[in-house]
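Asker: Once you've had a glance at the structure underneath, I'll fire off some questions.
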Amino acid sequence: MGRYIGTAESLVAAGLVVYGHDHRGHGRTALSQESFGDFGPSGFDLLVEDVVRLSRIARCDQPGIPLILLGHSMGSFAAQQYVQDHSDLIYGLALSGSGILDGLERLAHAGNRAPAEIVNAAFEPARTPADWLSRDPAVVDRYLSDPLCFGWLQPAANESFFSAAPRLADPARVRKIRHDLPIYVFSCSEDPVGQQLKGVSALIGRYRQAGIWNVSYDFYPGGRHEMLNEINRDEVRSTLLRWIRCVLAANSGR
């Protein structure tokens with residue numbers, strides 16, 4: 001979460017209250033360096049339940065204030081699962097660095113390569129193994145030098161993560177999301193997680209096919225995975241904030 005302090009500060013400066021957490025096996029939630037990338041025995045499902053718990057804490061702490069969920073990267077897939085059962089808890093959903101998990105799973109199996117190799121492949125010859133994150137070399141270097149960052153999930157956690165793919169793609173489960181939920185998807189043309197927008201477009205299509213009518217998006221040309229840490233991050237944050245304000249205005253009487 002510390003890597004998104006700039007985003008949190010920009011939202012707080014606009015008058016919002018921001019809650020965030022480190023996922024299981026991530027950042028300060030990891031018990032040790034050896035446990036980085038380890039979800040524990042209950043796997044990805046319990047990681048999603050952590051998001052539900054945090055949202056309930058936020059609603060308890062801030063009664064009557066509309067709650068919007070922002071999920072990035074792996075957190076965006078956790079948010080996709082969250083809204084299948086808990087869309088009543090939030091006023092809006094924003095997804096960053098997202099896509100379709102079943103598409104990523106097919107890529108991982110077809111290439112017979114480690115996930116870290118797949119995501120950086122389009123940027124070879126690359127300066128670092130993390131060039132896929134951002135065009136800003138300072139962002140990449142801070143990531144690589146941060147002792148709370150790590151390369152990839154451990155095997156059991158990785159298997160647990162990809163095991164969520166059928167659920168996220170299941171039309172019956174997607175239809176459980178309330179149809180008036182505002183959803184905002186923002187991504188960029190070179191994000192390997194979004195499969196260079198193919199997976200992102202497929203995700204938007206699934207939501208619309210399920211009857212969710214308030215789905216909007218912004219695609220940024222040239223950007224990589226972390227649009228909130230990209231060279232045009234001020235623009236991305238401002239556009240996100242504009243969408244949030246629209247959601248709040250539309251729900252002012254709810």
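In the structure tokens, each chain is lettered A, B, ... as it comes, each chain's residues begin at 1, and ligands are numbered from 1 in order of appearance.
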I need the alpha helix (DSSP H) residues of segment 2-232 of chain A per DSSP on the backbone, written as number ranges by chain.

Answerer: A: 5-13, 43-61, 74-86, 101-111, 115-120, 137-145, 155-162, 165-169, 171-174, 198-209

Asker: If you take only C-alpha atoms and a cut-off of 9 Å, which residues of segment 114-152 of chain A touch segment 183-200 of chain A, and what are their nearest atom pairs and distances in Å to one decimal, in chain and number order, as CSV?

Answerer:
```
residue,atom,partner,partner_atom,distance
A:Ile118,CA,A:Pro192,CA,8.0
A:Val119,CA,A:Pro192,CA,5.4
A:Asn120,CA,A:Pro192,CA,7.9
A:Ala121,CA,A:Pro192,CA,8.9
A:Ala122,CA,A:Pro192,CA,8.0
A:Trp132,CA,A:Asp191,CA,7.3
A:Leu133,CA,A:Asp191,CA,8.1
```

Asker: Go ahead and write the selection's residues with C-alpha atoms as a short mmCIF file (atom, residue, chain, number, x, y, z; two decimals), in the first residue's frame.

Answerer:
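The resulting part.cif:
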```
data_model
loop_
_atom_site.label_atom_id
_atom_site.label_comp_id
_atom_site.auth_asym_id
_atom_site.auth_seq_id
_atom_site.Cartn_x
_atom_site.Cartn_y
_atom_site.Cartn_z
CA ILE A 118 5.63 -13.32 -19.39
CA VAL A 119 4.77 -9.84 -18.12
CA ASN A 120 8.17 -8.37 -19.02
CA ALA A 121 8.52 -10.13 -22.38
CA ALA A 122 7.10 -7.27 -24.48
CA TRP A 132 6.58 -3.72 -17.34
CA LEU A 133 5.39 -1.69 -14.34
#
```

Asker: Mind checking which residues fall within 12 Å of Gly75 of chain A, counting only C-alpha atoms, ignoring those fewer than 4 positions away in the same chain, and posting them as a PyMOL selection string?

Answerer: chain A and resi 1+20-24+26+44+47-51+69-71+79-82+93-99+101+161

Asker: Write out as a ChimeraX atom specification each polymer residue whose atoms come within 10 Å of Trp243 of chain A, counting only C-alpha atoms; drop sequence neighbours fewer than 5 positions from it.

Answerer: /A:92,94,182-184,216-217,237-238,248-249

Asker: With distances taken over only C-alpha atoms, which of A:Gly6, A:Gly223, A:Gly27, A:Pro166 is nearest to Pro147 of chain A?

Answerer: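 Between A:Gly6, A:Gly223, A:Gly27, A:Pro166, the residue approaching Pro147 of chain A most closely is A:Gly27.
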
Asker: Write out as a ChimeraX atom specification the set of residues from segment 58-252 of chain A that DSSP, computed on the backbone, places in strand (DSSP E).

Answerer: /A:68-72,92-96,183-188,215-220

Asker: Report as a tab-separated table the residues of segment 71-178 of chain A within 10 Å of segment 204-213 of chain A, each with its shortest atom pair and distance in Å (one decimal), using only C-alpha atoms, ordered by chain and increasing residue number.

Answerer:
```
residue	atom	partner	partner_atom	distance
A:Gly99	CA	A:Ile204	CA	8.8
A:Ile100	CA	A:Ile204	CA	9.5
A:Leu168	CA	A:Arg206	CA	9.9
A:Ala169	CA	A:Arg206	CA	8.0
A:Asp170	CA	A:Arg206	CA	9.4
A:Pro171	CA	A:Ala210	CA	6.8
A:Ala172	CA	A:Ala210	CA	8.3
A:Arg173	CA	A:Ala210	CA	9.2
A:Val174	CA	A:Ala210	CA	6.3
A:Arg175	CA	A:Ala210	CA	5.0
A:Lys176	CA	A:Ala210	CA	8.5
A:Ile177	CA	A:Ile212	CA	7.7
A:Arg178	CA	A:Ile212	CA	7.2
```

Asker: For the residues in the current selection, export C-alpha atoms as a PDB file, in the first residue's frame.

Answerer:
```pdb
ATOM      1  CA  GLY A  99      -8.349  -7.792 -17.154  1.00  0.00           C
ATOM      2  CA  ILE A 100      -9.728 -11.322 -17.327  1.00  0.00           C
ATOM      3  CA  LEU A 168     -14.773 -14.585 -12.173  1.00  0.00           C
ATOM      4  CA  ALA A 169     -15.756 -15.624 -15.717  1.00  0.00           C
ATOM      5  CA  ASP A 170     -19.018 -17.357 -14.726  1.00  0.00           C
ATOM      6  CA  PRO A 171     -21.912 -15.361 -16.276  1.00  0.00           C
ATOM      7  CA  ALA A 172     -24.293 -16.451 -13.514  1.00  0.00           C
ATOM      8  CA  ARG A 173     -21.969 -15.075 -10.849  1.00  0.00           C
ATOM      9  CA  VAL A 174     -21.341 -11.861 -12.764  1.00  0.00           C
ATOM     10  CA  ARG A 175     -25.100 -11.340 -12.984  1.00  0.00           C
ATOM     11  CA  LYS A 176     -25.218 -11.318  -9.173  1.00  0.00           C
ATOM     12  CA  ILE A 177     -23.606  -7.860  -9.237  1.00  0.00           C
ATOM     13  CA  ARG A 178     -26.299  -5.204  -8.854  1.00  0.00           C
TER      14      ARG A 178
END
```

Asker: Just to confirm, what's the straight-line distance from atom CA of Glu34 of chain A to atom CA of Pro115 of chain A in Å (one decimal)?

Answerer: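 Separation between atom CA of Glu34 of chain A and atom CA of Pro115 of chain A: 19.1 Å.
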
Asker: Residues within 12 Å of Pro155 of chain A, please, as number ranges by chain. Count only C-alpha atoms; anything in the same chain fewer than 3 positions from it doesn't count.

Answerer: A: 35-40, 43, 114-115, 152, 158-162

Asker: How would the residues just chosen look if you wrote them out with N, CA and C atoms as a JSON list (two decimals), in the first residue's frame?

Answerer:
```
[["chain", "number", "residue", "atom", "x", "y", "z"],
["A", 35, "SER", "N", 7.86, -15.29, 3.81],
["A", 35, "SER", "CA", 6.43, -15.46, 3.58],
["A", 35, "SER", "C", 5.87, -14.49, 2.55],
["A", 36, "PHE", "N", 6.74, -13.69, 1.91],
["A", 36, "PHE", "CA", 6.26, -12.85, 0.81],
["A", 36, "PHE", "C", 5.63, -13.72, -0.26],
["A", 37, "GLY", "N", 4.46, -13.33, -0.74],
["A", 37, "GLY", "CA", 3.79, -14.07, -1.80],
["A", 37, "GLY", "C", 3.07, -15.31, -1.33],
["A", 38, "ASP", "N", 2.88, -15.45, -0.01],
["A", 38, "ASP", "CA", 2.19, -16.61, 0.55],
["A", 38, "ASP", "C", 0.85, -16.15, 1.13],
["A", 39, "PHE", "N", -0.26, -16.66, 0.59],
["A", 39, "PHE", "CA", -1.58, -16.29, 1.09],
["A", 39, "PHE", "C", -1.95, -17.03, 2.37],
["A", 40, "GLY", "N", -1.24, -18.11, 2.68],
["A", 40, "GLY", "CA", -1.65, -18.94, 3.81],
["A", 40, "GLY", "C", -2.60, -20.04, 3.36],
["A", 43, "GLY", "N", -5.86, -19.36, 1.23],
["A", 43, "GLY", "CA", -5.67, -18.89, -0.13],
["A", 43, "GLY", "C", -6.37, -17.61, -0.50],
["A", 114, "ALA", "N", 7.70, -18.64, -16.44],
["A", 114, "ALA", "CA", 7.32, -18.04, -15.18],
["A", 114, "ALA", "C", 6.52, -16.77, -15.44],
["A", 115, "PRO", "N", 5.53, -16.45, -14.57],
["A", 115, "PRO", "CA", 4.73, -15.25, -14.78],
["A", 115, "PRO", "C", 5.56, -13.98, -14.94],
["A", 152, "TRP", "N", 7.17, -12.51, -7.27],
["A", 152, "TRP", "CA", 5.91, -13.14, -7.68],
["A", 152, "TRP", "C", 5.36, -13.97, -6.52],
["A", 158, "ASN", "N", -0.07, -18.84, -6.02],
["A", 158, "ASN", "CA", -0.30, -18.62, -7.44],
["A", 158, "ASN", "C", -1.40, -19.54, -7.96],
["A", 159, "GLU", "N", -1.36, -20.80, -7.52],
["A", 159, "GLU", "CA", -2.40, -21.76, -7.91],
["A", 159, "GLU", "C", -3.76, -21.33, -7.37],
["A", 160, "SER", "N", -3.78, -20.86, -6.12],
["A", 160, "SER", "CA", -5.02, -20.40, -5.51],
["A", 160, "SER", "C", -5.58, -19.20, -6.26],
["A", 161, "PHE", "N", -4.69, -18.29, -6.65],
["A", 161, "PHE", "CA", -5.11, -17.09, -7.39],
["A", 161, "PHE", "C", -5.76, -17.48, -8.70],
["A", 162, "PHE", "N", -5.09, -18.31, -9.50],
["A", 162, "PHE", "CA", -5.64, -18.68, -10.80],
["A", 162, "PHE", "C", -6.87, -19.57, -10.68]]
```

Asker: Which one is closest to Arg56 of chain A: A:Gln84, A:Arg242, A:Tyr19, A:Tyr143? Count only C-alpha atoms.

Answerer: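 That would be A:Tyr19, the residue with the smallest distance to Arg56 of chain A.
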
Asker: With distances taken over only C-alpha atoms, which of A:Gly151, A:Phe77, A:Arg233, A:Ser10 is nearest to Ser163 of chain A?

Answerer: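 Checking each of A:Gly151, A:Phe77, A:Arg233, A:Ser10 against Ser163 of chain A, counting only C-alpha atoms, the winner is A:Phe77.
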
Asker: Find the distance between atom CA of Val236 of chain A and atom CA of Arg224 of chain A and write it in Å to one decimal.

Answerer: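 Separation of atom CA of Val236 of chain A and atom CA of Arg224 of chain A: 12.6 Å.
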
Asker: Please, what distance in Å, to one decimal, runs between atom CA of Ala157 of chain A and atom CA of Ser73 of chain A?

Answerer: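 Between atom CA of Ala157 of chain A and atom CA of Ser73 of chain A the gap is 15.2 Å.
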
Asker: Could you check which of A:Gln154, A:Gln33, A:Asn229, A:Gln62 is closest to Val17 of chain A, using only C-alpha atoms?

Answerer: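 Using only C-alpha atoms, Val17 of chain A sits closest to A:Gln62.
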
Asker: Taking into account only C-alpha atoms, which residue in the set A:Asn232, A:Ser87, A:Ser252, A:Thr239 is nearest to Ile68 of chain A?

Answerer: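 Under the stated criterion, the closest residue is A:Ser87.
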